[in-house]
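Chemist: Following this message is one structure expressed as structure tokens.
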Amino acid sequence: MNPETLASWIQTEHAKIDALAVELQEKVAVIPRAHQQQWITDVRASFDDFSGHVHRHQTLEEQDGYMTAVVEQRPTLSREVERLAHEHGELEQIMGGIKRQLTELSPDDALLIRDACRRIQNLLLYLEHHTKEENLMVMSVFQMDLGTDD
């Protein structure tokens, strides 16, 4: 796959993830007092959709090497790039744990429902921070290179 097509796919996935994150955040922000089984089912479906897109997004980012262009331009950033790549695995582990927890939830599990909501909210924060760090790194490396001829 050529770099332009890959970049386009990553951008499309990123936009979809953002929209799904907002939807998921809205669902876990308030736990209903009635119809909890339907709410659990809806949260599971939203989370499955969200985590599937995150997985695809990370796979696309890692295709042909994760941030190889950044490391080629700035080899001193290789440790930071490795840390961000490692976070992909951590995010996958967290999502797997949440998915298992959501599968086991029942309407009687008041504390576990609250815990699952908090874990999802934390995941969304982790992912937002991770994405910002990736974007800042890419922008700083390539904007500095583009802006040096003023």
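In the structure tokens, the first chain shown is A, the next is B, and so on; residue numbers restart at 1 for each chain, and ligands run from 1 in the order shown.
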Please provide the set of residues having any atom within 12 Å of Glu72 in chain A, restricted to only C-alpha atoms, with same-chain residues fewer than 5 positions apart removed, written as an MDAnalysis selection string.
Modeler: chainID A and resid 65:67 77:78 81 138 141:142
Chemist: Would you export the selected residues with N, CA and C atoms as a short mmCIF file (atom, residue, chain, number, x, y, z; two decimals), in the first residue's frame, please?
Modeler:
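See result-v4.cif below for the written result:
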data_model
loop_
_atom_site.label_atom_id
_atom_site.label_comp_id
_atom_site.auth_asym_id
_atom_site.auth_seq_id
_atom_site.Cartn_x
_atom_site.Cartn_y
_atom_site.Cartn_z
N GLY A 65 6.19 -0.63 9.66
CA GLY A 65 6.99 -0.08 10.75
C GLY A 65 6.34 1.14 11.38
N TYR A 66 6.27 1.14 12.68
CA TYR A 66 5.62 2.22 13.42
C TYR A 66 6.52 3.46 13.45
N MET A 67 6.04 4.54 12.90
CA MET A 67 6.72 5.84 12.89
C MET A 67 8.15 5.77 12.36
N LEU A 77 14.76 10.26 18.66
CA LEU A 77 13.39 10.03 19.16
C LEU A 77 13.02 8.54 19.20
N SER A 78 13.95 7.67 18.87
CA SER A 78 13.62 6.24 18.79
C SER A 78 13.11 5.68 20.11
N VAL A 81 9.52 6.75 20.39
CA VAL A 81 8.71 5.99 19.43
C VAL A 81 8.48 4.58 19.96
N VAL A 138 5.01 13.81 15.39
CA VAL A 138 5.04 13.88 13.93
C VAL A 138 5.08 15.34 13.47
N VAL A 141 8.54 17.04 14.21
CA VAL A 141 9.62 16.57 13.34
C VAL A 141 9.47 17.13 11.93
N PHE A 142 8.28 17.03 11.38
CA PHE A 142 8.11 17.40 9.98
C PHE A 142 7.86 18.89 9.77
#
Chemist: Please, which residues in range 68-133 of chain A fall within 7 Å of range 14-33 of chain A when counting only C-alpha atoms, and what is the closest atom pair and distance in Å to one decimal for each, ordered by chain then residue number, as a tab-separated table?
Modeler:
residue	atom	partner	partner_atom	distance
A:Cys117	CA	A:Val28	CA	5.2
A:Gln121	CA	A:Gln25	CA	6.7
A:Leu124	CA	A:Ala21	CA	6.8
Chemist: Counting only C-alpha atoms, what is within 12 Å of Glu90 in chain A, bar same-chain residues fewer than 3 positions away, as a VMD selection string?
Modeler: chain A and resid 55 58 83 to 87 93 to 97 123 126 to 127 130
Chemist: As a VMD selection string, please: every residue in chain A that a backbone DSSP assignment puts in alpha helix (DSSP H).
Modeler: chain A and resid 3 to 29 36 to 62 68 to 73 78 to 104 110 to 146
Chemist: Out of A:Leu91, A:Val43, A:Leu102, A:Ala69, which residue has the shortest atom-to-atom distance to Asn122 in chain A when counting only C-alpha atoms?
Modeler: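 The answer is A:Leu91, which sits nearest to Asn122 in chain A.
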Chemist: For Ser8 in chain A, which residue among A:Asp48, A:Glu61, A:Asp108, A:Asp42 is the nearest when counting only C-alpha atoms?
Modeler: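 When distances to Ser8 in chain A are compared using only C-alpha atoms, the smallest one comes from A:Glu61.
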